[in-house]
Amino acid sequence: MSAILEVDDLCVTFTSRRGDTRAVDGLGYVLQAGETLGIVGESGSGKSVAHLAILGLLPPNARVEARRLAFAGRDLLTLRDDERRKLRGRDMAIVFQDPMSSLNPLLPIGLQLTEVLEVHENMPRRDARRRAATALGDVGISDPESRLDVFPHEMSGGMRQRVGIAMALLLQPKLLVADEPTTALDVTIQAQVLDLFRDLRRRHGTAIVFITHSLGVVAGTCDRVLVLYAGRAVEEARVDDLFARPLHPYTRGLLASVPRIDGDVTRPLAAIPGLPAALARSSTSCAFAPRCTLAEDRCRAARPELDVHTTATAVTRSDAHRAACFQAGIAPPAEVAP
Amino acid sequence: MSLLEVRHLTVRFPIRGRGFFAKSRGAIHAVEDVSFTLERGQALGLVGESGSGKSTTARAIVGLLRPTSGSVSLDGVELSRMSSRERRPFRRRIQMVFQDPTGSLDPRMTVGAIVAEPLAIQDIGTRRDRRARASALLESVGLDAAALERFPHEFSGGQRQRIGVARALALEPDVLVLDEPVSALDVSVQASIVNLLADLRARLGLSYLFIAHDLAVVRHVCERVAVMYLGRIVEEGPRADLFANPRHPYTQALLSAVPEPDPRIERSRERIVLAGDPPSPANPPSGCAFHPRCPSRPMVPGEDCQTITPDLLSFEGERTRVACHLVHPSKRQHMIDG
C-alpha cells in the first residue's frame, strides 16, 4: 500500500476585519491507495473546509497551513498554482453535494464533459464525445449518447449527481473527494449512488474521501472513519471498530442519538445536550467538554491529543483506533444498541 | 368519528403555456385520490420521496391551498369548501410547523411577538395576557423566558424549530401538521426535537400528521404510517406491521434503501435497488404509477399493473391498506366476473 494523501497538522484560518476564525485546527490523516475514508461531523466541524483546502479551492482570505500536505508523495504546499490546477481534475477530483454548483447551466452536459478531456488530454472532440458517452454509461445513465445534448436543468437531481460523478471520474483520478454526495438525494436514489461509489472502488481502485453527516452512509461505504468536532479529529478507527467500540463520548453520543429502523420506540432518543460547537475553540481545553457528561476539570484545563487505543483488530499503524479524550481508555463501553 | 378525515383528496396544478391567452397544457398530478383518517391523540406519519405529494397534502389540509376535489373534515365538519372567513374558527385547531426554521420566522420580529402573533390575529386576550402566554409556551418547548426579547437570528437551528413549535401551539390546536420538522437539523440536535414532540403530544393530547423522508424518525414518532408514491398512498398501516412486514414493492424498496449505522448489517443485507428515477407527476405512468420501476412486476403482456390503477384496499383484516395488484391478486378475477 502506498499513501495517496498525507495530511499532517492542517490548519485553516479565515481572516476578516472582525478578526481570525479558525475552521480547521490540526487535522491529520493518511489515506492509502484504494481506501475509502469517511469524514463524519456536524455543521461547522470543518469537514468540508479542510478538504477544499487540500484541493486548493478556498478563497484568498483563507490561510492554509500544515506540517505536511502531500498527494502521492508530492508536496502540495509548495506547488505552483498552475501545477496544482493540472493535478486537480486529472489526479484529484471532487464531487459536491449540489451537482448544479459544478455544472454550467448554460451548456449541454456533453460539452462540459468533453471540455475536461480536451483541456487535460488534448483529445480530439469526436474521441472526447465517445469517451464522455462511455463515462455516462458507466455511472448507470441509460442511452448515454443522446443524453450528451441535454442541459443540466432537464435532468433529475439523481441524474445530475451521476453526471457530476462521471465528470469527476473522466480522467480516472487517484483521489476522489465526495462532499455530501447523497445528502440532497432521495433514499432510493441515494442507494443507487452509493452502489456506484462501491463499484468505483472495486473497478478502478480509486481512493475516496467520503464527507458526510450520516453514520448510516459511512457504515455502508467506508473502510476507515475520522470523526470531526469543532475543527479537530476526535476519533479515528476502522469502520467496524468505530461502530462496535466507539471511544469518544461525542461519537457515542452521535450513535445513540440516531433513531434506528428497529430501535425501541418507547424510549426517548439520547440527545446530546447543548449545541454543536461552531468553530475551533481555545487550545487549552477539549471543545466537547461543555456538552460532555463525563467532563472533569482536566478536560477544561488541557486539550487531549488524538492518541492510540489499541484494539484487537488493529494490525498496522494506520489501522489503529485513536481517540482525543482523556477518558477514552477508562470510560465505560458504549451503551449503543447492538 | 375521526378527528381528521381526508377523503379522495386530489390536488392538480395546471401547466399553462406562454402568453395571456395560452391554454392549459395538462396538469401536475400532485395529489391523487388520497384518503386517510387521523384519530385523536394519534400520530400518522406520511413518508415518500420528493414529488410524492406529501407536502402538498399537508398544505391542502391546513388550507394553504385549495384542493381540486375531495374533502378534508375536522370532527365531521367539512373544511375544504369553506371560504376563508368561514374557515377562520377552524384554522386555529389545525396548525403547521415548517421544515426551515429560518425561513418561517420573521427576522424583524422578536420571538415574543412571533409566538404571540397567532393570538393577536385571533384577537385573544390583552397584550399582557398574550405576553404571559408566549412566555409559558416558550417554557413548554424548553426555552427560557429571556428569549421573548430576542430575535430569531440569535438562536440556533434547533432552538428556532422550538420557537416554531411554540407558535404552532399558541392557539391550542388539536392537530399539528409537521412538514419535515427535523430534517434541516444536525443529528445531535434532531434527537432533542423528536423527544420534545413526543413529550408535547403525550402532555397535551395532540394529534400529529408528521411528514418526513427519514423513515427511522417517522417510525420513532408515529404509530401509523402512510407511504406515498407519485401523489398516491401505496401503503398505510400500523408502524409495527409496516416496518416488519412491508407489503407494497415500493415500501419494501424504500425500507431496504435506508442506510443503517452498523457496518455488519450494511455488508450482509440484500438491498433492493430501484432502477431509474421517479417519473414526472406531470405525466404519471398508466396503471400503477410504480410499475415502470417495480422489481416484483410480472413481465407478461397485458398485465393489470400497466393498465389498471390499483385501489388502496384493506389487507389482513382492517389494519393495513395496500394498493398493489400483486397483493390483491383476486381483483382481476373480480373484474372479469363482474
# chains A, B, ... in the order shown; residues from 1 in each chain; ligands from 1
>>> interface_residues(of="chain A", to="chain B", cutoff="7 Å", atoms="only C-alpha atoms", output="list in words")
Glu42, Ser43, Asp186, Val187, Thr188, Ala191, Gln192, Leu215, Gly216, Val217, Ala219, Gly220, Val239, Asp240, Phe243, Leu254, Ser257, Val258, Pro259, Arg260, Ile261, Val265, Pro268, Leu269, Ala270, Ala271 and Ile272 of chain A
>>> write_last_selection(atoms="N, CA and C atoms", output="short mmCIF file (atom, residue, chain, number, x, y, z; two decimals), in the first residue's frame")
data_model
loop_
_atom_site.label_atom_id
_atom_site.label_comp_id
_atom_site.auth_asym_id
_atom_site.auth_seq_id
_atom_site.Cartn_x
_atom_site.Cartn_y
_atom_site.Cartn_z
N GLU A 42 -20.76 17.28 12.19
CA GLU A 42 -21.95 18.10 12.03
C GLU A 42 -21.57 19.42 11.37
N SER A 43 -22.56 20.29 11.18
CA SER A 43 -22.24 21.56 10.54
C SER A 43 -21.22 22.32 11.38
N ASP A 186 -32.98 11.57 -2.67
CA ASP A 186 -33.95 10.70 -2.01
C ASP A 186 -33.30 9.36 -1.68
N VAL A 187 -33.91 8.67 -0.72
CA VAL A 187 -33.25 7.48 -0.19
C VAL A 187 -33.07 6.38 -1.24
N THR A 188 -34.02 6.19 -2.15
CA THR A 188 -33.82 5.12 -3.15
C THR A 188 -32.77 5.54 -4.18
N ALA A 191 -29.38 5.13 -2.57
CA ALA A 191 -28.93 3.74 -2.65
C ALA A 191 -28.24 3.47 -3.98
N GLN A 192 -28.78 4.02 -5.06
CA GLN A 192 -28.16 3.84 -6.38
C GLN A 192 -26.77 4.48 -6.41
N LEU A 215 -24.14 8.64 9.65
CA LEU A 215 -23.40 7.47 10.12
C LEU A 215 -23.80 6.22 9.35
N GLY A 216 -25.05 6.19 8.88
CA GLY A 216 -25.51 5.05 8.10
C GLY A 216 -24.76 4.95 6.77
N VAL A 217 -24.55 6.08 6.13
CA VAL A 217 -23.83 6.10 4.86
C VAL A 217 -22.38 5.64 5.07
N ALA A 219 -21.26 3.65 7.43
CA ALA A 219 -21.21 2.23 7.75
C ALA A 219 -21.22 1.36 6.50
N GLY A 220 -21.92 1.83 5.46
CA GLY A 220 -22.06 1.03 4.27
C GLY A 220 -21.01 1.27 3.21
N VAL A 239 -13.88 1.11 10.31
CA VAL A 239 -15.32 1.30 10.44
C VAL A 239 -15.95 0.33 11.44
N ASP A 240 -15.51 -0.93 11.43
CA ASP A 240 -16.08 -1.91 12.36
C ASP A 240 -15.78 -1.55 13.81
N PHE A 243 -17.94 1.53 15.07
CA PHE A 243 -19.34 1.26 15.38
C PHE A 243 -19.49 0.25 16.53
N LEU A 254 -23.35 10.63 19.23
CA LEU A 254 -23.90 10.65 17.87
C LEU A 254 -24.60 9.34 17.56
N SER A 257 -27.86 8.98 19.36
CA SER A 257 -28.93 9.94 19.07
C SER A 257 -29.66 9.64 17.76
N VAL A 258 -29.10 8.75 16.93
CA VAL A 258 -29.76 8.42 15.66
C VAL A 258 -30.83 7.37 15.92
N PRO A 259 -32.08 7.64 15.52
CA PRO A 259 -33.08 6.59 15.67
C PRO A 259 -32.78 5.43 14.72
N ARG A 260 -32.98 4.20 15.21
CA ARG A 260 -32.73 3.03 14.37
C ARG A 260 -34.04 2.54 13.79
N ILE A 261 -33.93 1.91 12.64
CA ILE A 261 -35.13 1.42 11.96
C ILE A 261 -35.76 0.27 12.76
N VAL A 265 -39.04 2.14 20.32
CA VAL A 265 -39.73 3.42 20.12
C VAL A 265 -40.34 3.95 21.41
N PRO A 268 -37.18 7.57 24.85
CA PRO A 268 -36.76 8.78 24.13
C PRO A 268 -35.38 8.59 23.52
N LEU A 269 -35.08 9.33 22.48
CA LEU A 269 -33.76 9.27 21.87
C LEU A 269 -32.75 9.91 22.81
N ALA A 270 -31.52 9.45 22.75
CA ALA A 270 -30.48 10.01 23.61
C ALA A 270 -29.86 11.23 22.94
N ALA A 271 -30.44 12.38 23.17
CA ALA A 271 -29.91 13.60 22.56
C ALA A 271 -28.64 14.04 23.28
N ILE A 272 -27.72 14.67 22.53
CA ILE A 272 -26.54 15.26 23.17
C ILE A 272 -26.95 16.65 23.65
#
>>> residues_around(residues="range 1-8 of chain A", least_positions_apart="2", cutoff="6 Å", atoms="only C-alpha atoms", output="NGL selection string")
:A and (10 or 28-33 or 67-72)
>>> write_last_selection(atoms="C-alpha atoms", output="PDB file, in the first residue's frame")
ATOM      1  CA  LEU A  10      -3.662  21.036   8.787  1.00  0.00           C
ATOM      2  CA  GLY A  28      -4.126  14.847  10.251  1.00  0.00           C
ATOM      3  CA  TYR A  29      -4.571  11.515   8.488  1.00  0.00           C
ATOM      4  CA  VAL A  30      -3.065   9.267   5.844  1.00  0.00           C
ATOM      5  CA  LEU A  31      -5.203   7.900   3.015  1.00  0.00           C
ATOM      6  CA  GLN A  32      -3.894   4.759   1.355  1.00  0.00           C
ATOM      7  CA  ALA A  33      -4.392   3.887  -2.306  1.00  0.00           C
ATOM      8  CA  ARG A  67       3.205  20.452   8.703  1.00  0.00           C
ATOM      9  CA  ARG A  68       2.772  18.258   5.656  1.00  0.00           C
ATOM     10  CA  LEU A  69       0.244  18.114   2.854  1.00  0.00           C
ATOM     11  CA  ALA A  70       1.219  15.670   0.155  1.00  0.00           C
ATOM     12  CA  PHE A  71      -0.518  13.962  -2.739  1.00  0.00           C
ATOM     13  CA  ALA A  72       1.150  10.743  -3.922  1.00  0.00           C
TER      14      ALA A  72
END
>>> select_by_dssp(residues="range 15-207 of chain B", states="strand (DSSP E)", output="MDAnalysis selection string")
chainID B and resid 15:16 24:38 43:47 69:74 77:78 94:97 175:179 207
>>> residues_around(residues="Val95 in chain A", least_positions_apart="4", cutoff="7 Å", atoms="only C-alpha atoms", output="compact mmCIF listing (two decimals) with C-alpha atoms, in the first residue's frame")
# COMPACT_ATOMS: atom_id res chain seq x y z
CA GLY A 164 -21.10 15.12 -11.55
CA ILE A 165 -19.55 11.79 -10.63
CA ALA A 168 -15.02 13.71 -11.75
CA VAL A 177 -13.26 13.75 -2.62
CA ALA A 178 -17.02 13.30 -2.29
CA ASP A 179 -18.54 16.10 -0.21
CA PRO A 181 -22.70 13.49 -2.43
>>> select_by_dssp(residues="range 126-237 of chain A", states="helix (DSSP H, G or I)", output="count of residues only")
58
>>> residues_around(residues="Asp33 in chain B", least_positions_apart="4", cutoff="10 Å", atoms="only C-alpha atoms", output="MDAnalysis selection string")
chainID B and resid 6:11 69:70 231:233 311:312
>>> write_last_selection(atoms="C-alpha atoms", output="short mmCIF file (atom, residue, chain, number, x, y, z; two decimals), in the first residue's frame")
data_model
loop_
_atom_site.label_atom_id
_atom_site.label_comp_id
_atom_site.auth_asym_id
_atom_site.auth_seq_id
_atom_site.Cartn_x
_atom_site.Cartn_y
_atom_site.Cartn_z
CA VAL B 6 -59.31 13.21 4.41
CA ARG B 7 -61.38 11.72 1.58
CA HIS B 8 -60.41 11.38 -2.06
CA LEU B 9 -58.18 14.42 -1.82
CA THR B 10 -56.86 15.45 -5.23
CA VAL B 11 -54.66 18.45 -5.99
CA SER B 69 -61.51 17.75 -5.41
CA GLY B 70 -62.10 15.67 -2.33
CA GLY B 231 -49.29 11.50 -5.44
CA ARG B 232 -50.94 8.38 -4.09
CA ILE B 233 -50.84 6.42 -0.87
CA ASP B 311 -57.13 0.71 -5.26
CA LEU B 312 -55.91 1.11 -1.70
#
>>> atom_distance(atom1="CA of Ala323 in chain A", atom2="CA of Phe197 in chain A")
27.7 Å
>>> atom_distance(atom1="CA of Thr36 in chain A", atom2="CA of Cys222 in chain A")
5.0 Å
